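Beneath this line is the structure, given in structure tokens, with notes to follow.
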Amino acid sequence: MRAEANEVEEAIKGELRLIDPSVRTSRAEARQLLDPEFVEVGASGRRWSYEDMLAELPEMPGNSDQGPRYVPSDMTGVVLAPGVVHLTYETTIEGRRARRSSLWRRSEEGTGWRMYYHQATPVPSPGD
């Protein structure tokens with residue numbers, strides 16, 4: 001059971017690093033956390049590939065210590081199989097909320113945990 005808890009902890013550490021503005025603005029650091037087969041379906045509905053994300057992440061919202069930042073909450077994880085973790089949580093940035101789901105997998109090359117898939121779904125404002 002402790003091994004599974006360690007896997008979830010490692011995935012959460014990676015997820016929180018990807019929310020950190022210093023990592024988001026560094027293609028080199030983001031490259032270490034994103035799986036080469038990475039795919040994201042963003043809150044806008046856009047599909048992002050590994051190359052798309054590395055190219056555009058430094059310019060996306062949440063990348064400045066002085067500006068708006070993503071605030072995560074209720075992050076939980078479950079081990080789906082050895083070396084595969086599913087995380088779910090919510091974020092808020094500038095009053096907009098999104099429910100998020102990420103799949104992390106441990107690299108077979110020994111490079112650690114990397115995000116394989118991410119999806120964000122907007123949470124409607126009350127009254128929408």
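To be explicit about the labels: the chains of the structure tokens are called A, B, and onward in the order shown, and within each one the residues are counted from 1, while ligands get numbers from 1 in the order they are shown.
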
Tell me, which residues of range 28-125 of chain A carry DSSP strand (DSSP E or B), written as a VMD selection string? chain A and resid 34 to 41 47 to 49 71 to 81 84 to 93 96 to 106 113 to 123

So that I can see what lies close to Glu15 in chain A, please list as a list in words the residues with an atom at most 10 Å from it, counting only C-alpha atoms and leaving out residues fewer than 6 positions away in the same chain. Glu9, Leu33, Pro72, Met75, Leu87, Ser102, Leu103, Trp104, Trp113, Arg114 and Met115 of chain A

Backbone-only DSSP, helix (DSSP H, G or I) members of chain A, as a PyMOL selection string: chain A and resi 2-19+21-24+27-33+50-59

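All residues of protein, DNA or RNA that reach within 10 Å of Asp52 in chain A, judged by only C-alpha atoms and not counting those fewer than 3 positions away in the chain, are Phe38, Val39, Glu40, Arg47, Trp48, Ser49, Ala55, Glu56 and Leu57 of chain A.
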
Among listed residues A:Glu59, A:Arg27, A:Ala5, A:Ile12, nearest Asp74 in chain A (using only C-alpha atoms): A:Ile12

Using only C-alpha atoms, the shortest atom-to-atom distance to Val71 in chain A among A:Val85, A:Leu18, A:Val41, A:Ala28 belongs to A:Leu18

Residues within 12 Å of Arg17 in chain A, please, as a PyMOL selection string. Count only C-alpha atoms; anything in the same chain fewer than 2 positions from it doesn't count. chain A and resi 10-15+19-26+29-34+63+70+72+113-115

Expected file contents, prior selection, C-alpha atoms, as a PDB file, in the first residue's frame:
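Result file is again-v9.pdb:
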ATOM      1  CA  GLU A  10       5.257  11.523  -7.129  1.00  0.00           C
ATOM      2  CA  ALA A  11       2.488  12.287  -9.629  1.00  0.00           C
ATOM      3  CA  ILE A  12       1.124  15.075  -7.412  1.00  0.00           C
ATOM      4  CA  LYS A  13       4.613  16.597  -7.117  1.00  0.00           C
ATOM      5  CA  GLY A  14       4.885  16.617 -10.903  1.00  0.00           C
ATOM      6  CA  GLU A  15       1.425  18.129 -11.330  1.00  0.00           C
ATOM      7  CA  ILE A  19       1.425  24.656 -12.275  1.00  0.00           C
ATOM      8  CA  ASP A  20       4.473  26.575 -10.970  1.00  0.00           C
ATOM      9  CA  PRO A  21       5.197  29.681 -13.098  1.00  0.00           C
ATOM     10  CA  SER A  22       8.964  29.017 -13.082  1.00  0.00           C
ATOM     11  CA  VAL A  23       8.393  25.593 -14.659  1.00  0.00           C
ATOM     12  CA  ARG A  24       5.689  26.787 -17.058  1.00  0.00           C
ATOM     13  CA  THR A  25       8.071  29.359 -18.526  1.00  0.00           C
ATOM     14  CA  SER A  26      10.941  26.861 -18.926  1.00  0.00           C
ATOM     15  CA  GLU A  29      11.768  21.869 -17.233  1.00  0.00           C
ATOM     16  CA  ALA A  30       8.380  21.254 -18.867  1.00  0.00           C
ATOM     17  CA  ARG A  31      10.029  18.788 -21.270  1.00  0.00           C
ATOM     18  CA  GLN A  32      11.171  16.718 -18.261  1.00  0.00           C
ATOM     19  CA  LEU A  33       7.584  16.515 -16.947  1.00  0.00           C
ATOM     20  CA  LEU A  34       5.657  15.852 -20.167  1.00  0.00           C
ATOM     21  CA  ASN A  63       3.095  31.969 -15.862  1.00  0.00           C
ATOM     22  CA  TYR A  70      -3.643  28.595 -11.057  1.00  0.00           C
ATOM     23  CA  PRO A  72      -5.376  23.887  -7.274  1.00  0.00           C
ATOM     24  CA  TRP A 113       7.193  10.454 -13.765  1.00  0.00           C
ATOM     25  CA  ARG A 114       5.726  12.251 -16.755  1.00  0.00           C
ATOM     26  CA  MET A 115       2.271  13.517 -17.626  1.00  0.00           C
TER      27      MET A 115
END

The residue from A:Gly110, A:Ala120, A:Glu4, A:Glu37 with the smallest atom-to-atom distance to Thr91 in chain A, counting only C-alpha atoms, is A:Ala120

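When the distance limit is 9 Å and only C-alpha atoms are what count, the residues near Pro82 in chain A, minus those fewer than 2 positions from it on the same chain, are Glu4, Glu7, Val79, Leu80, Val84, Val85, Arg105 and Arg106 of chain A.
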
Measuring between only C-alpha atoms, which one of A:Tyr50, A:Leu16, A:Arg69, A:Gly62 shows the shortest distance to Tyr89 in chain A? A:Leu16

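Interatomic distance, CA of Met53 in chain A against CA of Glu94 in chain A: 21.3 Å.
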
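Counting only C-alpha atoms and comparing A:Ala98, A:Met60, A:Leu54, A:Val8, the residue that lies closest to Val78 in chain A is A:Val8.
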